[in-house]
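Structure file entry01.cif with mmCIF, C-alpha atoms and all ligand atoms:
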```cif
data_protein
#
loop_
_atom_site.label_atom_id
_atom_site.label_comp_id
_atom_site.auth_asym_id
_atom_site.auth_seq_id
_atom_site.Cartn_x
_atom_site.Cartn_y
_atom_site.Cartn_z
CA MET M 1 0.00 0.00 0.00
CA SER M 2 1.17 3.50 -0.74
CA THR M 3 2.47 5.39 2.28
CA ASP M 4 1.60 8.70 3.83
CA GLN M 5 4.60 10.58 2.46
CA SER M 6 2.60 12.56 -0.09
CA PRO M 7 -0.84 14.12 0.22
CA ALA M 8 -2.53 11.69 -2.18
CA PRO M 9 -6.32 11.54 -1.86
CA PHE M 10 -6.40 7.74 -2.16
CA SER M 11 -4.21 4.77 -1.32
CA GLN M 12 -4.56 1.31 -2.80
CA PHE M 13 -3.63 -2.32 -2.20
CA PRO M 14 -1.26 -3.79 -4.82
CA GLY M 15 -3.04 -7.14 -5.08
CA LEU M 16 -6.58 -5.77 -5.25
CA GLY M 17 -5.27 -3.18 -7.70
CA GLN M 18 -4.36 -5.98 -10.10
CA GLN M 19 -7.99 -7.15 -10.31
CA ALA M 20 -8.97 -5.76 -13.70
CA SER M 21 -12.71 -5.68 -13.00
CA ILE M 22 -12.44 -4.03 -9.58
CA THR M 23 -12.04 -0.42 -8.45
CA HIS M 24 -11.02 0.12 -4.84
CA ALA M 25 -9.40 2.75 -2.65
CA VAL M 26 -8.81 3.83 0.89
CA THR M 27 -9.34 7.57 1.13
CA THR M 28 -6.84 9.62 3.11
CA ARG M 29 -7.08 12.79 5.17
CA PHE M 30 -6.23 14.58 1.93
CA GLY M 31 -9.11 13.00 0.04
CA PRO M 32 -12.90 13.32 0.34
CA ALA M 33 -13.81 14.21 3.95
CA PHE M 34 -16.43 11.76 5.19
CA GLY M 35 -18.64 12.77 8.10
CA LYS M 36 -18.51 11.43 11.63
CA ILE M 37 -21.84 9.62 11.27
CA GLY M 38 -23.50 7.93 8.35
CA THR M 39 -26.32 10.44 8.18
CA ASP M 40 -24.04 13.49 7.88
CA GLN M 41 -24.36 15.59 4.75
CA ALA M 42 -20.55 15.50 4.73
CA THR M 43 -20.69 11.73 4.32
CA ALA M 44 -23.14 12.01 1.41
CA ASP M 45 -20.99 14.67 -0.25
CA ALA M 46 -17.78 12.67 0.23
CA ALA M 47 -19.47 9.51 -1.07
CA ALA M 48 -20.54 11.30 -4.23
CA LEU M 49 -17.12 12.92 -4.71
CA THR M 50 -15.33 9.59 -4.22
CA ALA M 51 -17.45 7.96 -6.93
CA GLU M 52 -16.81 10.87 -9.27
CA LEU M 53 -13.03 10.80 -8.70
CA LEU M 54 -12.92 7.03 -9.27
CA SER M 55 -15.15 7.20 -12.37
CA MET M 56 -17.96 5.21 -10.80
CA ASP M 57 -21.72 5.92 -10.87
CA GLY M 58 -22.26 6.36 -7.15
CA THR M 59 -21.52 5.11 -3.65
CA ALA M 60 -23.65 3.21 -1.13
CA TRP M 61 -22.88 3.47 2.57
CA VAL M 62 -24.50 2.72 5.91
CA HIS M 63 -24.99 4.29 9.31
CA GLN M 64 -22.52 2.09 11.18
CA VAL M 65 -23.72 0.69 14.50
CA HIS M 66 -20.99 -1.82 15.53
CA GLY M 67 -23.23 -4.81 14.80
CA ASP M 68 -23.11 -7.67 12.33
CA THR M 69 -25.80 -6.71 9.82
CA ILE M 70 -24.70 -6.91 6.18
CA LEU M 71 -26.97 -5.43 3.52
CA ARG M 72 -27.07 -6.35 -0.16
CA VAL M 73 -27.36 -3.17 -2.24
CA SER M 74 -27.82 -2.20 -5.86
CA ALA M 75 -28.23 1.58 -5.57
CA SER M 76 -26.21 4.49 -4.24
CA GLY M 77 -27.06 6.41 -1.07
CA ILE M 78 -27.45 5.43 2.55
CA ALA M 79 -28.69 1.84 2.74
CA GLY M 80 -29.66 1.77 6.42
CA GLN M 81 -28.12 0.80 9.75
CA ALA M 82 -25.53 -1.91 9.26
CA ASP M 83 -21.79 -2.59 9.28
CA GLY M 84 -21.37 -4.41 6.00
CA LEU M 85 -22.44 -4.17 2.38
CA ILE M 86 -22.30 -6.56 -0.58
CA THR M 87 -23.11 -5.90 -4.22
CA ASP M 88 -22.86 -7.29 -7.72
CA THR M 89 -23.98 -4.04 -9.37
CA PRO M 90 -21.31 -2.63 -11.74
CA GLY M 91 -20.53 1.05 -11.26
CA LEU M 92 -21.56 1.09 -7.60
CA LEU M 93 -18.97 1.69 -4.89
CA ILE M 94 -19.72 0.38 -1.41
CA ALA M 95 -18.05 2.19 1.48
CA GLY M 96 -17.05 1.64 5.08
CA ARG M 97 -16.01 4.68 7.16
CA SER M 98 -13.32 4.64 9.82
CA ALA M 99 -11.14 6.44 12.30
CA ASP M 100 -9.19 3.40 13.70
CA CYS M 101 -11.63 0.55 12.97
CA PRO M 102 -10.45 -1.93 10.33
CA ILE M 103 -12.34 -1.63 7.05
CA ILE M 104 -12.31 -4.97 5.25
CA LEU M 105 -12.57 -5.06 1.45
CA VAL M 106 -13.32 -8.32 -0.39
CA ALA M 107 -13.62 -9.08 -4.10
CA GLY M 108 -14.44 -12.35 -5.82
CA GLN M 109 -15.59 -13.85 -9.07
CA ARG M 110 -18.37 -16.22 -10.03
CA ALA M 111 -17.94 -19.17 -12.37
CA ASP M 112 -19.23 -17.01 -15.25
CA GLY M 113 -16.48 -14.43 -14.68
CA SER M 114 -18.74 -11.75 -13.21
CA SER M 115 -17.60 -10.06 -10.02
CA VAL M 116 -18.97 -9.54 -6.52
CA VAL M 117 -17.63 -7.27 -3.78
CA GLY M 118 -18.11 -6.67 -0.08
CA VAL M 119 -17.05 -4.24 2.61
CA ALA M 120 -17.19 -4.49 6.40
CA HIS M 121 -16.61 -2.03 9.23
CA ALA M 122 -14.81 -4.39 11.60
CA SER M 123 -14.80 -2.45 14.84
CA TRP M 124 -13.95 -4.57 17.87
CA ARG M 125 -17.64 -5.11 18.57
CA SER M 126 -18.33 -6.14 14.97
CA THR M 127 -15.18 -8.27 14.89
CA VAL M 128 -16.27 -10.29 17.92
CA GLN M 129 -19.63 -10.76 16.15
CA SER M 130 -17.68 -12.32 13.22
CA ILE M 131 -18.69 -9.70 10.69
CA THR M 132 -15.76 -10.52 8.41
CA THR M 133 -16.52 -14.25 8.44
CA GLN M 134 -20.14 -13.45 7.65
CA LEU M 135 -19.17 -11.05 4.86
CA VAL M 136 -17.18 -13.73 3.05
CA GLN M 137 -19.88 -16.33 3.69
CA ARG M 138 -22.49 -14.06 2.08
CA LEU M 139 -20.27 -13.46 -0.95
CA VAL M 140 -19.75 -17.21 -1.39
CA GLY M 141 -23.17 -18.54 -0.37
CA GLU M 142 -25.58 -15.89 -1.58
CA MET M 143 -23.53 -14.21 -4.33
CA GLU M 144 -21.89 -17.42 -5.59
CA ALA M 145 -18.28 -16.22 -5.51
CA SER M 146 -15.73 -18.97 -6.02
CA PRO M 147 -13.50 -19.18 -2.89
CA PRO M 148 -10.21 -19.51 -4.81
CA SER M 149 -11.03 -16.20 -6.55
CA LEU M 150 -11.47 -14.25 -3.33
CA HIS M 151 -9.15 -11.38 -2.40
CA GLY M 152 -9.38 -9.68 0.98
CA ALA M 153 -7.73 -6.52 2.27
CA ILE M 154 -7.45 -4.88 5.68
CA ALA M 155 -7.25 -1.09 5.52
CA PRO M 156 -5.14 1.12 7.82
CA SER M 157 -6.54 0.81 11.34
CA ALA M 158 -5.59 0.44 15.00
CA GLY M 159 -2.65 -1.95 15.05
CA PRO M 160 -1.32 -4.45 17.60
CA CYS M 161 1.35 -1.89 18.47
CA CYS M 162 -1.30 0.36 20.05
CA TYR M 163 -4.80 -1.08 20.36
CA GLU M 164 -5.22 -1.50 24.10
CA VAL M 165 -8.49 -2.73 25.59
CA GLY M 166 -9.83 -3.79 28.96
CA ALA M 167 -10.36 -7.34 30.15
CA ALA M 168 -14.08 -7.14 29.42
CA VAL M 169 -13.37 -6.87 25.69
CA ARG M 170 -11.21 -9.99 25.78
CA ASP M 171 -13.84 -11.83 27.81
CA GLU M 172 -16.52 -10.93 25.28
CA ALA M 173 -14.31 -11.97 22.36
CA ILE M 174 -13.62 -15.38 23.88
CA GLU M 175 -17.30 -15.83 24.75
CA LYS M 176 -18.41 -15.05 21.20
CA LEU M 177 -15.53 -16.39 19.08
CA GLY M 178 -14.44 -19.28 21.28
CA PRO M 179 -10.97 -20.20 22.60
CA VAL M 180 -9.32 -19.21 19.29
CA ALA M 181 -9.83 -15.60 20.34
CA GLN M 182 -7.14 -15.99 23.00
CA GLU M 183 -4.59 -15.85 20.19
CA PHE M 184 -5.67 -12.32 19.29
CA PHE M 185 -4.83 -10.86 22.71
CA SER M 186 -1.57 -10.23 24.53
CA PRO M 187 -1.16 -8.77 28.00
CA HIS M 188 -0.04 -5.16 28.25
CA ASN M 189 0.37 -3.56 31.68
CA ASP M 190 -2.97 -4.14 33.41
CA ARG M 191 -4.80 -4.35 30.12
CA TRP M 192 -4.71 -6.25 26.84
CA ILE M 193 -3.62 -5.58 23.29
CA PHE M 194 -6.35 -6.72 20.87
CA ASP M 195 -4.81 -7.60 17.50
CA LEU M 196 -7.73 -6.73 15.24
CA TRP M 197 -5.56 -7.42 12.19
CA ALA M 198 -4.94 -11.02 13.30
CA ALA M 199 -8.61 -11.54 14.21
CA ASN M 200 -9.82 -10.32 10.83
CA THR M 201 -7.11 -12.16 8.90
CA PHE M 202 -8.27 -15.32 10.69
CA GLN M 203 -11.89 -14.61 9.78
CA LEU M 204 -11.07 -13.97 6.10
CA GLN M 205 -9.13 -17.22 5.85
CA GLU M 206 -11.56 -19.25 7.95
CA ALA M 207 -14.35 -18.26 5.56
CA GLY M 208 -12.37 -19.24 2.49
CA VAL M 209 -10.10 -16.42 1.27
CA PRO M 210 -6.76 -18.01 0.27
CA ALA M 211 -4.01 -16.93 2.67
CA SER M 212 -1.88 -15.67 -0.21
CA GLN M 213 -4.74 -13.38 -1.26
CA VAL M 214 -5.15 -11.56 2.05
CA GLU M 215 -3.50 -8.13 2.11
CA ASN M 216 -2.92 -6.02 5.19
CA SER M 217 -1.69 -2.46 4.85
CA ARG M 218 -0.08 -2.87 8.31
CA ILE M 219 -0.46 0.88 8.78
CA CYS M 220 -1.53 1.67 12.34
CA THR M 221 -3.76 4.73 12.37
CA ILE M 222 -2.86 5.48 16.00
CA CYS M 223 0.95 5.67 15.69
CA GLN M 224 1.55 5.87 11.91
CA GLY M 225 -1.63 7.61 10.93
CA GLY M 226 -0.31 10.74 9.25
CA ALA M 227 -2.53 10.09 6.26
CA PHE M 228 -5.44 8.49 8.11
CA TRP M 229 -7.73 9.72 10.85
CA SER M 230 -7.50 8.15 14.31
CA TRP M 231 -10.16 8.51 16.99
CA ARG M 232 -7.73 7.31 19.64
CA ASP M 233 -5.09 9.83 18.55
CA GLN M 234 -7.19 12.88 17.68
CA GLY M 235 -10.38 12.28 19.68
CA GLU M 236 -13.31 14.49 18.73
CA GLU M 237 -11.13 16.28 16.18
CA ALA M 238 -10.84 13.13 14.07
CA GLY M 239 -12.60 13.06 10.73
CA ARG M 240 -13.41 9.84 8.92
CA PHE M 241 -11.75 8.16 5.97
CA ALA M 242 -13.31 5.38 3.93
CA GLY M 243 -12.49 2.08 2.29
CA VAL M 244 -14.45 1.68 -0.94
CA ILE M 245 -14.75 -1.12 -3.50
CA GLY M 246 -16.84 -1.66 -6.60
CA ILE M 247 -17.14 -3.47 -9.90
CA ASN M 248 -16.06 -1.60 -13.00
CA LEU M 249 -18.67 -0.77 -15.60
CA THR M 250 -16.29 -1.74 -18.40
CA GLY M 251 -15.64 -5.12 -16.81
CA CYS M 252 -19.35 -5.78 -16.89
CA LYS M 253 -19.69 -4.87 -20.55
CA VAL M 254 -16.83 -7.20 -21.45
CA ALA M 255 -18.47 -10.03 -19.52
CA GLN M 256 -21.86 -9.42 -21.14
CA SER M 257 -20.43 -9.42 -24.65
CA ARG M 258 -19.05 -12.94 -24.32
ZN ZN M 301 0.42 1.69 16.48
#
```
Have the structure of the file written as structure tokens, please.
Amino acid sequence: MSTDQSPAPFSQFPGLGQQASITHAVTTRFGPAFGKIGTDQATADAAALTAELLSMDGTAWVHQVHGDTILRVSASGIAGQADGLITDTPGLLIAGRSADCPIILVAGQRADGSSVVGVAHASWRSTVQSITTQLVQRLVGEMEASPPSLHGAIAPSAGPCCYEVGAAVRDEAIEKLGPVAQEFFSPHNDRWIFDLWAANTFQLQEAGVPASQVENSRICTICQGGAFWSWRDQGEEAGRFAGVIGINLTGCKVAQSR
């Protein structure tokens, strides 16, 4: 992933960037300024600007509530209260907003060569509700993506260098995810480090994304977040950036002409 050395409006993952039918980006602090909540006019304006800058028709987003609801969408605009979106509509970007929470982007292909994409806002609460596992399961089960075709990416977010939580978070993770969750925590002073990157990498792979096709920017928004907003670092001053993914219109036309 490109670094924060220059004020570029977008950063991208090398592997996802090689998918000819897919457009994706993680906006930076120098790109479209998303609002703090999904219903902000700023979020609507930034969603429209992002689509325009990436030559897409529009962007769908949600009012994020730290749950595990994933909505299937085919039109731009706010889709409701949820923390994940899936689509097979060419020209439509789907967006997750963040200031520390991992945004997970997934792309896959069906047997006929058409594409499907998904995005999840994997906050710690959504992560312990297995939102990333469920996102991939929806893409495979409902949208008929072939597992070997799946690519997953973890956007800049709170890293294991910094993301400290209390014991109650660890307890809840182990209760909901089972003993495997112990691997995602390490003791730190009187508290715990929650490795959200490891937890979401596990969920991507557990649900079928090949390990070699999981990308992690490994940029911590808290301590390396020059280009990305951080709630833990900037508090109320923090804006929101977004991870977006969509299916190219041209890719669709090529597929239809076969
Ligand atoms: Zn850090």
Expected selection as a list in words for ligand ZN 301 (chain M) within 12 Å, all atoms listed in the file: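 With all atoms listed in the file and a cut-off of 12 Å, ligand ZN 301 (chain M) is contacted by Asp100, Pro156, Ser157, Ala158, Gly159, Pro160, Cys161, Cys162, Tyr163, Glu164, Ile193, Phe194, Asp195, Leu196, Trp197, Arg218, Ile219, Cys220, Thr221, Ile222, Cys223, Gln224, Gly225, Gly226, Ser230, Arg232 and Asp233 of chain M.
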message: For a quick check of understanding, using all atoms listed in the file, which of M:His151, M:Arg72, M:Lys176, M:His63 has the smallest distance to Thr89 (chain M)?
response: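 The closest residue to Thr89 (chain M) is M:Arg72.
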- request: Counting all atoms listed in the file, note down every residue that has an atom within 8 Å of the point (-16.4, -4.3, -4.3) (file coordinates), as a ChimeraX atom specification.
  value: /M:22-24,86-88,93-94,105-107,116-119,244-247
field: Atomic distance CA of Gly31 (chain M) - CA of Gly239 (chain M), expressed in Å with one decimal
entry: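 Computing the Euclidean distance for CA of Gly31 (chain M) and CA of Gly239 (chain M) yields 11.2 Å.
Minimum atom-to-atom distance to Ser123 (chain M), evaluated using all atoms listed in the file, belongs to M:Asp83 out of M:Asp57, M:Glu175, M:Asp83, M:Glu183.
Interatomic distance, CA of Val62 (chain M) against CA of Phe241 (chain M): 13.9 Å.
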field: 10 Å contact set for Asp190 (chain M), only C-alpha atoms, chain neighbours under 2 positions out, as a VMD selection string
entry: chain M and resid 164 to 167 187 to 188 192
message: Let me make sure I understand: among M:Gly243, M:Arg110, M:Gly208, M:Thr69, which one has the smallest atom-to-atom distance to Phe13 (chain M) if we use all atoms listed in the file?
response: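 For Phe13 (chain M), the nearest of the given residues is M:Gly243.
You can rank M:Ser146, M:Thr132, M:Ile174, M:Thr27 by their closest distance to Ser98 (chain M) using all atoms listed in the file, and at the top of that list sits M:Thr27.
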field: Within-6 Å shell of (-23.5, 4.4, 1.8) in input frame, only C-alpha atoms, as an NGL selection string
entry: :M and (59-62 or 77-79 or 95)
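Of the listed residues M:Gln81, M:Gln234, M:Gln213, M:Gln129, the one whose atoms come nearest to Thr201 (chain M) is M:Gln213, with distances taken using all atoms listed in the file.
CA of Ala199 (chain M) lies 12.8 Å from CA of Ile103 (chain M).
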Nearest to Val140 (chain M), chosen from M:Gly108, M:Pro179, M:Gly113, M:Gly67, with only C-alpha atoms counted in the distances: M:Gly108
- request: Name all residues at most 7 Å from Glu215 (chain M) (count all atoms listed in the file; drop same-chain ones fewer than 6 positions away) and give them as a PyMOL selection string.
  value: chain M and resi 152-154
task: Please provide as a count of residues only all residues within 10 Å of Thr50 (chain M), with the sequence filter that same-chain residues fewer than 2 positions apart are discarded (counting only C-alpha atoms).
output: 25
Repair of region 83-99 of chain M at the level of N, CA and C atoms, as a short mmCIF file (atom, residue, chain, number, x, y, z; two decimals), in the coordinates of the input:
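File produced: out-v1.cif:
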```
data_model
loop_
_atom_site.label_atom_id
_atom_site.label_comp_id
_atom_site.auth_asym_id
_atom_site.auth_seq_id
_atom_site.Cartn_x
_atom_site.Cartn_y
_atom_site.Cartn_z
N ASP M 83 -23.25 -2.74 9.27
CA ASP M 83 -21.79 -2.59 9.28
C ASP M 83 -21.13 -3.33 8.14
N GLY M 84 -21.94 -3.78 7.18
CA GLY M 84 -21.37 -4.41 6.00
C GLY M 84 -22.29 -4.24 4.81
N LEU M 85 -21.69 -4.28 3.63
CA LEU M 85 -22.44 -4.17 2.38
C LEU M 85 -21.87 -5.17 1.38
N ILE M 86 -22.74 -5.73 0.55
CA ILE M 86 -22.30 -6.56 -0.58
C ILE M 86 -23.06 -6.10 -1.81
N THR M 87 -22.42 -6.27 -2.98
CA THR M 87 -23.11 -5.90 -4.22
C THR M 87 -22.52 -6.66 -5.40
N ASP M 88 -23.35 -6.80 -6.43
CA ASP M 88 -22.86 -7.29 -7.72
C ASP M 88 -23.25 -6.29 -8.82
N THR M 89 -23.57 -5.07 -8.41
CA THR M 89 -23.98 -4.04 -9.37
C THR M 89 -22.77 -3.26 -9.89
N PRO M 90 -22.45 -3.38 -11.20
CA PRO M 90 -21.31 -2.63 -11.74
C PRO M 90 -21.54 -1.12 -11.61
N GLY M 91 -20.46 -0.40 -11.36
CA GLY M 91 -20.53 1.05 -11.26
C GLY M 91 -20.85 1.57 -9.88
N LEU M 92 -21.19 0.67 -8.97
CA LEU M 92 -21.56 1.09 -7.60
C LEU M 92 -20.42 0.81 -6.63
N LEU M 93 -19.94 1.86 -5.98
CA LEU M 93 -18.97 1.69 -4.89
C LEU M 93 -19.74 1.41 -3.61
N ILE M 94 -19.19 0.56 -2.76
CA ILE M 94 -19.72 0.38 -1.41
C ILE M 94 -18.63 0.81 -0.44
N ALA M 95 -19.03 1.52 0.62
CA ALA M 95 -18.05 2.19 1.48
C ALA M 95 -18.22 1.82 2.95
N GLY M 96 -17.07 1.72 3.62
CA GLY M 96 -17.05 1.64 5.08
C GLY M 96 -16.23 2.80 5.59
N ARG M 97 -16.72 3.50 6.63
CA ARG M 97 -16.01 4.68 7.16
C ARG M 97 -15.26 4.31 8.43
N SER M 98 -14.15 5.01 8.68
CA SER M 98 -13.32 4.64 9.82
C SER M 98 -12.52 5.80 10.38
N ALA M 99 -12.22 5.69 11.66
CA ALA M 99 -11.14 6.44 12.30
C ALA M 99 -10.58 5.48 13.36
#
```
